[in-house]
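So this block is coords32.txt, compact mmCIF, C-alpha atoms:
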# COMPACT_ATOMS: atom_id res chain seq x y z
CA MET A 1 41.39 -77.30 -58.56
CA THR A 2 40.38 -80.07 -56.20
CA ARG A 3 38.68 -78.71 -53.08
CA GLU A 4 38.45 -81.75 -50.79
CA THR A 5 40.30 -81.81 -47.46
CA ASP A 6 38.19 -84.28 -45.47
CA GLY A 7 39.30 -87.67 -46.70
CA GLY A 8 38.41 -87.27 -50.37
CA ALA A 9 40.67 -86.53 -53.34
CA PRO A 10 43.93 -84.67 -52.67
CA LEU A 11 44.07 -80.87 -52.78
CA THR A 12 45.66 -79.93 -56.12
CA LEU A 13 46.15 -76.92 -58.36
CA ALA A 14 45.57 -76.78 -62.11
CA GLN A 15 48.53 -76.24 -64.44
CA GLY A 16 49.07 -72.52 -65.04
CA ALA A 17 47.13 -71.46 -61.94
CA HIS A 18 48.75 -69.89 -58.91
CA ILE A 19 47.78 -68.64 -55.46
CA THR A 20 49.86 -66.07 -53.57
CA ALA A 21 49.49 -65.32 -49.87
CA SER A 22 51.53 -62.94 -47.75
CA ALA A 23 51.65 -62.00 -44.08
CA PRO A 24 53.67 -59.62 -41.86
CA VAL A 25 56.18 -60.36 -39.12
CA ARG A 26 55.97 -58.57 -35.75
CA VAL A 27 57.74 -56.85 -32.87
CA ASP A 28 56.46 -57.52 -29.38
CA MET A 29 56.11 -56.87 -25.65
CA GLY A 30 55.20 -59.55 -23.15
CA GLY A 31 56.27 -62.44 -25.35
CA THR A 32 56.53 -65.91 -23.73
CA LEU A 33 53.36 -65.14 -21.76
CA ASP A 34 51.43 -66.66 -24.69
CA MET A 35 52.71 -70.09 -23.65
CA PRO A 36 50.28 -72.19 -21.57
CA ALA A 37 53.06 -73.00 -19.10
CA PHE A 38 52.94 -69.31 -18.08
CA TYR A 39 49.41 -68.07 -18.64
CA PHE A 40 47.56 -70.86 -16.84
CA PRO A 41 49.25 -70.40 -13.44
CA LEU A 42 49.25 -66.61 -13.93
CA THR A 43 45.62 -66.29 -15.07
CA HIS A 44 44.72 -64.15 -12.05
CA LEU A 45 47.07 -61.41 -13.32
CA ARG A 46 45.41 -61.25 -16.76
CA PRO A 47 48.57 -62.16 -18.72
CA LEU A 48 48.83 -60.53 -22.13
CA THR A 49 51.16 -60.05 -25.05
CA VAL A 50 51.26 -56.90 -27.17
CA ASN A 51 52.50 -57.15 -30.73
CA LEU A 52 52.85 -54.80 -33.65
CA ALA A 53 52.83 -56.17 -37.20
CA VAL A 54 55.45 -54.53 -39.42
CA SER A 55 55.75 -54.31 -43.18
CA LEU A 56 58.39 -57.00 -43.65
CA ARG A 57 56.10 -59.47 -45.35
CA THR A 58 56.60 -63.13 -46.15
CA GLN A 59 55.14 -64.30 -49.46
CA VAL A 60 54.12 -67.88 -50.21
CA GLU A 61 53.20 -68.82 -53.78
CA LEU A 62 51.49 -72.07 -54.79
CA THR A 63 51.93 -73.38 -58.32
CA ALA A 64 51.44 -76.79 -59.92
CA TRP A 65 54.11 -79.49 -59.62
CA LYS A 66 54.33 -83.19 -60.46
CA SER A 67 51.41 -85.34 -59.39
CA GLY A 68 52.01 -87.19 -56.12
CA GLU A 69 54.85 -84.90 -55.03
CA ASN A 70 55.29 -81.53 -53.34
CA ARG A 71 58.27 -79.27 -53.86
CA ILE A 72 59.41 -76.53 -51.44
CA VAL A 73 61.64 -73.66 -52.54
CA SER A 74 62.85 -71.20 -49.88
CA ARG A 75 65.72 -68.73 -49.83
CA GLY A 76 68.60 -70.05 -47.73
CA PHE A 77 67.76 -73.74 -48.30
CA ALA A 78 68.27 -76.17 -51.15
CA PRO A 79 64.93 -76.97 -52.84
CA VAL A 80 63.37 -80.20 -51.57
CA THR A 81 60.88 -82.54 -53.23
CA TRP A 82 59.02 -85.14 -51.18
CA PRO A 83 56.14 -87.53 -51.87
CA ALA A 84 52.80 -86.01 -50.92
CA GLY A 85 51.90 -86.75 -47.31
CA THR A 86 55.54 -87.01 -46.21
CA LEU A 87 56.39 -85.87 -42.67
CA ARG A 88 59.98 -84.72 -42.14
CA ASN A 89 60.47 -83.17 -38.74
CA ASP A 90 64.20 -83.85 -39.14
CA HIS A 91 64.40 -81.09 -41.79
CA PRO A 92 64.23 -77.29 -41.26
CA LEU A 93 61.35 -77.16 -43.75
CA GLY A 94 59.56 -80.09 -42.16
CA PHE A 95 56.78 -77.92 -40.76
CA ILE A 96 55.91 -76.94 -44.35
CA ALA A 97 55.58 -80.62 -45.27
CA ALA A 98 53.38 -81.14 -42.19
CA ILE A 99 51.02 -78.32 -43.23
CA LEU A 100 50.77 -79.74 -46.75
CA ALA A 101 50.03 -83.19 -45.32
CA ALA A 102 47.32 -81.80 -43.02
CA PHE A 103 45.53 -80.33 -46.05
CA GLN A 104 46.12 -83.48 -48.16
CA ALA A 105 47.93 -81.28 -50.68
CA SER A 106 49.59 -82.96 -53.65
CA GLY A 107 51.28 -81.79 -56.83
CA LEU A 108 52.17 -78.35 -55.43
CA GLN A 109 55.28 -76.22 -55.54
CA VAL A 110 55.53 -73.92 -52.52
CA THR A 111 57.83 -70.93 -53.10
CA ILE A 112 58.68 -68.85 -50.03
CA ASP A 113 60.23 -65.38 -49.99
CA SER A 114 60.65 -63.32 -46.83
CA ALA A 115 61.62 -59.66 -46.46
CA ALA A 116 62.75 -60.16 -42.85
CA PRO A 117 66.27 -61.39 -42.08
CA PRO A 118 66.43 -65.13 -41.35
CA ARG A 119 66.06 -66.05 -37.66
CA SER A 120 65.41 -62.41 -36.80
CA GLY A 121 63.23 -63.09 -33.76
CA MET A 122 60.23 -61.53 -35.50
CA GLY A 123 58.15 -64.68 -35.86
CA GLY A 124 59.33 -65.57 -39.35
CA SER A 125 58.56 -69.29 -39.38
CA SER A 126 55.11 -68.66 -37.91
CA THR A 127 54.46 -66.07 -40.61
CA VAL A 128 55.36 -68.63 -43.28
CA ALA A 129 52.97 -71.10 -41.66
CA VAL A 130 50.14 -68.53 -41.58
CA ALA A 131 50.62 -67.54 -45.22
CA LEU A 132 50.75 -71.17 -46.37
CA VAL A 133 47.67 -72.17 -44.37
CA ALA A 134 45.80 -69.15 -45.78
CA ALA A 135 46.75 -70.15 -49.34
CA LEU A 136 45.64 -73.73 -48.77
CA TYR A 137 42.34 -72.66 -47.21
CA HIS A 138 41.81 -70.48 -50.29
CA LEU A 139 42.54 -73.44 -52.54
CA SER A 140 40.07 -75.56 -50.59
CA GLY A 141 37.31 -72.97 -51.08
CA ARG A 142 37.48 -70.78 -47.96
CA GLN A 143 38.09 -67.44 -49.63
CA GLU A 144 36.28 -64.79 -47.56
CA MET A 145 38.98 -63.28 -45.32
CA ASP A 146 36.92 -62.41 -42.24
CA ASP A 147 37.89 -62.56 -38.57
CA THR A 148 36.64 -66.13 -38.25
CA LEU A 149 38.91 -67.31 -41.04
CA ARG A 150 41.84 -65.34 -39.59
CA ARG A 151 41.35 -67.09 -36.25
CA ASP A 152 41.15 -70.48 -37.95
CA ILE A 153 44.29 -69.77 -39.98
CA ALA A 154 46.23 -68.78 -36.85
CA ALA A 155 44.97 -71.81 -34.90
CA ALA A 156 45.84 -74.30 -37.65
CA ALA A 157 49.28 -72.77 -38.29
CA HIS A 158 50.11 -72.72 -34.58
CA GLY A 159 48.83 -76.23 -33.93
CA ILE A 160 50.78 -77.81 -36.76
CA GLU A 161 53.99 -75.82 -36.28
CA SER A 162 54.18 -76.39 -32.53
CA SER A 163 53.48 -80.11 -32.82
CA VAL A 164 56.16 -80.61 -35.46
CA LEU A 165 58.86 -78.43 -33.89
CA GLY A 166 58.40 -79.97 -30.44
CA ILE A 167 59.57 -76.81 -28.63
CA PRO A 168 57.79 -74.21 -26.48
CA CYS A 169 55.67 -72.27 -28.94
CA GLY A 170 53.04 -69.65 -28.16
CA MET A 171 50.43 -68.26 -30.53
CA GLN A 172 51.19 -64.54 -30.62
CA ASP A 173 53.31 -64.75 -33.80
CA HIS A 174 50.54 -66.48 -35.73
CA LEU A 175 47.91 -64.02 -34.54
CA ALA A 176 50.02 -60.99 -35.48
CA ALA A 177 50.57 -62.43 -38.96
CA ALA A 178 46.87 -63.23 -39.37
CA PHE A 179 45.40 -59.94 -38.12
CA GLY A 180 48.11 -57.30 -38.64
CA GLY A 181 48.00 -53.97 -36.80
CA MET A 182 48.82 -53.50 -33.13
CA HIS A 183 46.96 -55.67 -30.63
CA ALA A 184 46.90 -56.78 -27.04
CA TRP A 185 46.24 -60.52 -26.77
CA TYR A 186 44.87 -61.55 -23.38
CA TRP A 187 45.53 -65.21 -22.58
CA GLN A 188 42.41 -66.41 -20.79
CA GLY A 189 43.78 -69.53 -19.11
CA ILE A 190 41.09 -70.92 -16.80
CA ARG A 191 38.69 -68.03 -17.44
CA PRO A 192 35.33 -68.97 -19.02
CA GLY A 193 35.72 -69.61 -22.72
CA GLY A 194 39.51 -70.06 -22.44
CA GLY A 195 41.69 -69.27 -25.44
CA TYR A 196 42.46 -65.60 -25.93
CA ARG A 197 40.82 -62.20 -26.24
CA ARG A 198 41.87 -59.69 -28.91
CA LYS A 199 42.04 -55.97 -28.26
CA PRO A 200 43.08 -53.57 -31.09
CA LEU A 201 45.28 -50.78 -29.70
CA ILE A 202 45.65 -48.21 -32.49
CA PRO A 203 43.10 -47.12 -35.11
CA ALA A 204 44.07 -47.21 -38.78
CA ALA A 205 44.18 -43.42 -38.89
CA GLU A 206 47.00 -43.44 -36.30
CA ALA A 207 49.20 -46.03 -38.04
CA ASP A 208 51.45 -43.49 -39.81
CA ARG A 209 52.04 -41.60 -36.57
CA TRP A 210 53.08 -44.77 -34.76
CA SER A 211 55.26 -45.76 -37.72
CA SER A 212 57.19 -42.49 -37.33
CA ARG A 213 57.89 -43.42 -33.70
CA LEU A 214 59.23 -46.89 -34.57
CA ARG A 215 62.68 -48.19 -35.50
CA VAL A 216 63.93 -51.76 -36.06
CA ALA A 217 67.54 -52.93 -36.30
CA TYR A 218 69.07 -56.29 -37.19
CA LEU A 219 72.00 -57.15 -34.93
CA GLY A 220 73.93 -59.04 -37.59
CA GLU A 221 73.57 -62.48 -36.04
CA PRO A 222 70.65 -64.93 -35.97
CA HIS A 223 68.79 -65.62 -32.76
CA ASP A 224 67.94 -68.93 -31.10
CA SER A 225 64.51 -68.49 -29.52
CA ALA A 226 64.11 -72.17 -28.66
CA ALA A 227 67.16 -72.13 -26.40
CA VAL A 228 66.12 -68.99 -24.51
CA ASN A 229 62.45 -69.96 -24.21
CA SER A 230 63.42 -73.40 -22.92
CA VAL A 231 65.51 -71.78 -20.19
CA TRP A 232 62.63 -69.47 -19.19
CA VAL A 233 60.10 -72.32 -19.13
CA THR A 234 62.43 -74.56 -17.10
CA GLN A 235 63.16 -71.78 -14.63
CA PHE A 236 59.48 -70.88 -14.18
CA LEU A 237 58.18 -74.43 -13.85
CA GLY A 238 60.94 -75.09 -11.34
CA GLY A 239 59.55 -72.35 -9.12
CA ARG A 240 62.20 -69.73 -9.94
CA PHE A 241 61.65 -66.07 -10.84
CA CYS A 242 57.87 -66.13 -10.38
CA ALA A 243 57.96 -62.54 -9.06
CA GLU A 244 59.87 -61.44 -12.14
CA TRP A 245 57.26 -62.90 -14.49
CA GLU A 246 54.51 -61.21 -12.50
CA ALA A 247 56.43 -57.95 -12.96
CA ILE A 248 56.68 -58.60 -16.71
CA ILE A 249 52.89 -58.88 -16.84
CA ARG A 250 52.57 -55.56 -15.02
CA CYS A 251 55.02 -53.95 -17.47
CA THR A 252 53.01 -55.22 -20.41
CA HIS A 253 49.76 -53.88 -18.91
CA ALA A 254 51.49 -50.52 -18.40
CA PHE A 255 52.75 -50.52 -21.99
CA CYS A 256 49.30 -51.36 -23.31
CA ALA A 257 47.63 -48.58 -21.30
CA ALA A 258 50.27 -46.05 -22.39
CA VAL A 259 49.81 -46.91 -26.07
CA GLU A 260 46.05 -46.49 -25.76
CA ARG A 261 46.59 -43.01 -24.25
CA GLY A 262 49.23 -42.11 -26.83
CA ASP A 263 51.73 -41.66 -23.98
CA VAL A 264 54.97 -42.59 -25.73
CA PRO A 265 57.36 -41.81 -22.81
CA ARG A 266 55.47 -44.14 -20.46
CA ALA A 267 55.29 -46.84 -23.14
CA ALA A 268 59.07 -46.51 -23.60
CA ALA A 269 59.64 -46.74 -19.84
CA ALA A 270 57.60 -49.96 -19.67
CA MET A 271 59.64 -51.44 -22.53
CA ASN A 272 62.90 -50.65 -20.79
CA GLN A 273 61.71 -52.07 -17.48
CA GLU A 274 60.65 -55.32 -19.12
CA THR A 275 63.98 -55.59 -20.94
CA ASP A 276 65.86 -55.14 -17.66
CA ILE A 277 63.83 -57.89 -15.98
CA ARG A 278 64.46 -60.34 -18.80
CA CYS A 279 68.18 -59.51 -18.82
CA SER A 280 68.26 -60.35 -15.10
CA LEU A 281 66.83 -63.80 -15.95
CA THR A 282 69.11 -64.48 -18.93
CA PRO A 283 71.82 -61.86 -19.54
CA ASP A 284 72.64 -63.23 -22.99
CA VAL A 285 69.32 -62.07 -24.46
CA LEU A 286 71.16 -58.86 -25.37
CA THR A 287 74.30 -59.25 -27.45
CA PRO A 288 77.16 -56.75 -26.95
CA LEU A 289 75.92 -54.76 -29.96
CA GLY A 290 72.40 -54.99 -28.60
CA ARG A 291 73.55 -53.44 -25.31
CA LEU A 292 75.21 -50.54 -27.13
CA LEU A 293 72.05 -49.86 -29.11
CA THR A 294 69.87 -50.18 -26.01
CA ASP A 295 72.02 -47.67 -24.13
CA ALA A 296 71.85 -45.26 -27.07
CA GLY A 297 68.08 -45.53 -27.20
CA ARG A 298 67.67 -44.87 -23.50
CA LYS A 299 69.98 -41.86 -23.67
CA HIS A 300 67.49 -40.29 -26.08
CA GLY A 301 64.41 -41.22 -24.03
CA CYS A 302 63.35 -44.17 -26.19
CA GLY A 303 62.25 -47.65 -25.23
CA VAL A 304 64.33 -50.49 -26.67
CA ARG A 305 63.50 -54.18 -26.58
CA PHE A 306 64.79 -57.28 -28.34
CA THR A 307 62.27 -59.04 -30.58
CA GLY A 308 60.97 -62.43 -29.51
CA ALA A 309 63.31 -64.16 -27.09
CA GLY A 310 66.38 -62.16 -28.11
CA ALA A 311 69.92 -63.59 -28.12
CA GLY A 312 70.55 -62.11 -31.56
CA GLY A 313 68.02 -61.27 -34.22
CA CYS A 314 66.49 -57.78 -34.01
CA LEU A 315 65.86 -54.93 -31.64
CA TRP A 316 62.96 -52.52 -31.89
CA ALA A 317 62.65 -49.05 -30.42
CA LEU A 318 59.80 -46.68 -29.69
CA GLY A 319 60.10 -42.96 -28.99
CA ALA A 320 58.70 -39.53 -29.69
CA GLU A 321 59.43 -38.40 -33.26
CA GLY A 322 62.33 -36.10 -32.38
CA ASP A 323 63.87 -38.53 -29.91
CA ILE A 324 63.63 -41.53 -32.22
CA CYS A 325 65.31 -39.61 -35.04
CA LYS A 326 68.26 -38.69 -32.80
CA MET A 327 68.50 -42.28 -31.62
CA SER A 328 68.35 -43.57 -35.19
CA SER A 329 71.28 -41.38 -36.17
CA GLU A 330 73.35 -42.70 -33.28
CA TRP A 331 72.34 -46.27 -34.12
CA ALA A 332 73.63 -45.72 -37.66
CA ASP A 333 77.00 -44.56 -36.31
CA ILE A 334 77.27 -47.53 -33.94
CA MET A 335 76.49 -50.08 -36.67
CA ASN A 336 78.52 -48.37 -39.38
CA SER A 337 81.46 -50.74 -38.96
CA SER A 338 79.33 -53.90 -39.10
CA ALA A 339 78.89 -55.61 -42.46
CA ASP A 340 75.75 -57.47 -41.37
CA ALA A 341 73.99 -55.26 -38.81
CA GLY A 342 71.82 -52.30 -39.72
CA GLN A 343 68.47 -50.58 -39.43
CA ILE A 344 65.52 -52.01 -41.34
CA ASP A 345 63.06 -49.72 -43.08
CA CYS A 346 59.54 -50.74 -42.09
CA HIS A 347 56.22 -49.38 -40.87
CA VAL A 348 53.07 -50.54 -39.12
CA ASP A 349 51.31 -53.16 -41.27
CA LEU A 350 47.53 -53.08 -40.93
CA SER A 351 46.69 -55.73 -43.51
CA GLY A 352 47.44 -59.02 -41.83
CA VAL A 353 47.41 -62.08 -44.06
CA THR A 354 46.18 -61.57 -47.64
CA VAL A 355 45.53 -64.02 -50.48
CA ALA A 356 45.29 -63.47 -54.24
CA ALA A 357 44.76 -65.91 -57.09

Go ahead and render the structure in this file as structure tokens.
Amino acid sequence: MTRETDGGAPLTLAQGAHITASAPVRVDMGGTLDMPAFYFPLTHLRPLTVNLAVSLRTQVELTAWKSGENRIVSRGFAPVTWPAGTLRNDHPLGFIAAILAAFQASGLQVTIDSAAPPRSGMGGSSTVAVALVAALYHLSGRQEMDDTLRRDIAAAAHGIESSVLGIPCGMQDHLAAAFGGMHAWYWQGIRPGGGYRRKPLIPAAEADRWSSRLRVAYLGEPHDSAAVNSVWVTQFLGGRFCAEWEAIIRCTHAFCAAVERGDVPRAAAAMNQETDIRCSLTPDVLTPLGRLLTDAGRKHGCGVRFTGAGAGGCLWALGAEGDICKMSSEWADIMNSSADAGQIDCHVDLSGVTVAA
């Protein structure tokens, strides 16, 4: 292995060697608030995002390939091979090429496999970026997975992905993939130190209990987060719906406090209030099927929210054990006639990004 990333020899992998990294996707509350366009002007309200990593993991494997080239293999795309250092932001896998170029990687095959549905609104592309950056850091010699490395992995993955995609892109997806578990991320804005502050919300011993209160469903159609986020950013920066975004921050604070107390009904109420506010901004964030599932969840006292920016993808629900089971049964009946929609078996993922060689 070559372990130079600072202008020396390219980063390569010996024939027969391999490195495998994996990271979880997430469900969330208070998304979009992780974008600087929102959290800087709203700093006085202590904007935050809460996310919960779930056990739909994305795996990235590095193996040796031809010298001077990199090959990318990902389900849903034809394999691509480009000269090392190539930048291709005109291709859906261009952000992978950009990460490889940043690390001066050469002669690598990158094989990607994700357990989450494509374009599910659960931060899938960011999870790929985190897993790949973690694998490349491991290859370059940074192999002790402590909090400092997790922060560096998230920062590098976010910086490269957002610069290549050229769309509004916050950091919560990368942080959830890097750290796992359930966290509140406070966006510091103009506060001293800037950046973000991490607050774990549930101890490891409580993960199974929270998993039993959780359900996730795929709506059978992919989402388009860029389109929805662009609308929200344009509205907000144009001076529209400022009161609604302030209310979303209050909902997220209420959700966070309820989770810390173990108060599931109040957490569910905060989820539903936030969903209603966002639907008032952009009604299409809930598809017709999504509205049916949301109504079913509320009937049983559960909170239901779309993942990410909605408009397809997934929904997630939170409720007391008995209520969530009743809701889940009704969800199954509602989605029974759909070939593509359905509930996804998953649980709270505490591990965050992991690397093995």

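The closest residue to Asn229 in chain A, picked from A:Ile202, A:Ala341, A:Leu292, A:Leu281 and counting all atoms listed in the file, is A:Leu281.
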
*Tell me, as a ChimeraX atom specification, which residues lie within 6 Å of Ser120 in chain A, counting all atoms listed in the file; anything in the same chain fewer than 2 positions away does not count.*
/A:117-118,122,222,313-314

Can you check which parts of range 18-119 of chain A lie within 10 Å of range 136-155 of chain A? Per residue, the shortest pair of atoms and distance in Å to one decimal, counting all atoms listed in the file, sorted by chain and number, as JSON lines.
{"residue": "A:His18", "atom": "CA", "partner": "A:Leu139", "partner_atom": "CA", "distance": 9.6}
{"residue": "A:Ile19", "atom": "CA", "partner": "A:Leu139", "partner_atom": "CA", "distance": 7.7}
{"residue": "A:Thr20", "atom": "CA", "partner": "A:His138", "partner_atom": "CA", "distance": 9.7}
{"residue": "A:Ala21", "atom": "CA", "partner": "A:His138", "partner_atom": "CA", "distance": 9.3}
{"residue": "A:Leu62", "atom": "CA", "partner": "A:Leu136", "partner_atom": "CA", "distance": 8.6}
{"residue": "A:Ile99", "atom": "CA", "partner": "A:Leu136", "partner_atom": "CA", "distance": 9.0}
{"residue": "A:Leu100", "atom": "CA", "partner": "A:Leu136", "partner_atom": "CA", "distance": 8.2}
{"residue": "A:Phe103", "atom": "CA", "partner": "A:Leu136", "partner_atom": "CA", "distance": 7.1}
{"residue": "A:Gln104", "atom": "CA", "partner": "A:Leu136", "partner_atom": "CA", "distance": 9.8}
{"residue": "A:Ala105", "atom": "CA", "partner": "A:Leu136", "partner_atom": "CA", "distance": 8.1}

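Among the candidates A:Glu260, A:Glu246, A:Asp208, A:Glu69, the residue lying nearest to Leu48 in chain A is A:Glu246 (atoms considered: all atoms listed in the file).
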
*Quick one: everything within 7 Å of Val216 in chain A, counting all atoms listed in the file, minus sequence neighbours fewer than 3 positions away in the same chain. Send it as a VMD selection string.*
chain A and resid 314 to 317 343 to 344

*Between A:Thr49, A:Ser55, A:Ser67, A:Ser126, which has the minimum distance to Gln15 in chain A (counting all atoms listed in the file)?*
A:Ser67

*Please provide as a PyMOL selection string all residues within 12 Å of Gly189 in chain A, with the sequence filter that same-chain residues fewer than 6 positions apart are discarded (counting all atoms listed in the file).*
chain A and resi 33-48+195-197

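Across A:Ala311, A:Ala184, A:Cys256, A:Cys302, the tightest approach to Ala269 in chain A is made by A:Cys302 when counting only C-alpha atoms.
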
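Take the candidates A:Ser338, A:Thr111, A:Ser162, A:Ser211 and check each one against Thr58 in chain A using all atoms listed in the file; the shortest distance goes to A:Thr111.
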
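Counting all atoms listed in the file, the residue from A:Ala98, A:Ala116, A:Ile324, A:Val60 that sits nearest to Ala135 in chain A is A:Val60.
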
*Using all atoms listed in the file, determine which residues lie at most 7 Å from His300 in chain A, disregarding the query and same-chain residues fewer than 6 positions distant; provide the list as a PyMOL selection string.*
chain A and resi 323+326-327

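Across the model, the gap from CA of Ala296 in chain A to CA of Met335 in chain A is 11.7 Å.
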
*May I have the residues within 12 Å of Pro92 in chain A as number ranges by chain, using all atoms listed in the file and disregarding those fewer than 3 positions away in the same chain?*
A: 72, 74, 76-80, 87-89, 95-98, 119, 125, 161, 164-165

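The gap separating CA of Thr354 in chain A from CA of Ala157 in chain A is 14.9 Å, in Å to one decimal.
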
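Rounded to one decimal, CA of Ala177 in chain A and CA of Pro265 in chain A lie 27.1 Å from each other.
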
What would range 318-333 of chain A look like with N, CA, C and O atoms in place, written as a CSV table (one decimal), keeping the file's coordinate frame?
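Result file is result.csv:
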chain,number,residue,atom,x,y,z
A,318,LEU,N,61.0,-47.5,-29.6
A,318,LEU,CA,59.8,-46.7,-29.7
A,318,LEU,C,60.1,-45.4,-29.0
A,318,LEU,O,60.7,-45.4,-27.9
A,319,GLY,N,59.8,-44.2,-29.6
A,319,GLY,CA,60.1,-43.0,-29.0
A,319,GLY,C,59.4,-41.8,-29.7
A,319,GLY,O,58.9,-42.0,-30.8
A,320,ALA,N,59.3,-40.7,-29.0
A,320,ALA,CA,58.7,-39.5,-29.7
A,320,ALA,C,59.5,-39.2,-31.0
A,320,ALA,O,60.7,-39.5,-31.1
A,321,GLU,N,58.8,-38.6,-31.9
A,321,GLU,CA,59.4,-38.4,-33.3
A,321,GLU,C,60.8,-37.8,-33.2
A,321,GLU,O,61.8,-38.3,-33.8
A,322,GLY,N,61.0,-36.7,-32.4
A,322,GLY,CA,62.3,-36.1,-32.4
A,322,GLY,C,63.4,-37.0,-31.7
A,322,GLY,O,64.5,-37.1,-32.2
A,323,ASP,N,62.9,-37.7,-30.6
A,323,ASP,CA,63.9,-38.5,-29.9
A,323,ASP,C,64.3,-39.7,-30.8
A,323,ASP,O,65.5,-40.1,-30.8
A,324,ILE,N,63.3,-40.3,-31.4
A,324,ILE,CA,63.6,-41.5,-32.2
A,324,ILE,C,64.5,-41.2,-33.4
A,324,ILE,O,65.4,-42.0,-33.8
A,325,CYS,N,64.4,-40.0,-33.9
A,325,CYS,CA,65.3,-39.6,-35.0
A,325,CYS,C,66.7,-39.4,-34.5
A,325,CYS,O,67.7,-39.9,-35.2
A,326,LYS,N,66.9,-38.8,-33.4
A,326,LYS,CA,68.3,-38.7,-32.8
A,326,LYS,C,68.9,-40.1,-32.5
A,326,LYS,O,70.0,-40.3,-32.8
A,327,MET,N,68.0,-40.9,-31.9
A,327,MET,CA,68.5,-42.3,-31.6
A,327,MET,C,68.9,-43.0,-32.9
A,327,MET,O,69.9,-43.7,-32.9
A,328,SER,N,68.1,-42.9,-33.9
A,328,SER,CA,68.4,-43.6,-35.2
A,328,SER,C,69.7,-43.1,-35.8
A,328,SER,O,70.4,-44.0,-36.3
A,329,SER,N,70.0,-41.9,-35.7
A,329,SER,CA,71.3,-41.4,-36.2
A,329,SER,C,72.4,-42.0,-35.4
A,329,SER,O,73.5,-42.4,-36.0
A,330,GLU,N,72.3,-42.1,-34.1
A,330,GLU,CA,73.4,-42.7,-33.3
A,330,GLU,C,73.4,-44.2,-33.6
A,330,GLU,O,74.5,-44.8,-33.6
A,331,TRP,N,72.3,-44.9,-33.8
A,331,TRP,CA,72.3,-46.3,-34.1
A,331,TRP,C,73.1,-46.5,-35.4
A,331,TRP,O,73.9,-47.4,-35.5
A,332,ALA,N,72.9,-45.6,-36.4
A,332,ALA,CA,73.6,-45.7,-37.7
A,332,ALA,C,75.1,-45.6,-37.5
A,332,ALA,O,75.9,-46.4,-38.1
A,333,ASP,N,75.6,-44.7,-36.6
A,333,ASP,CA,77.0,-44.6,-36.3
A,333,ASP,C,77.5,-45.8,-35.6
A,333,ASP,O,78.6,-46.3,-36.0
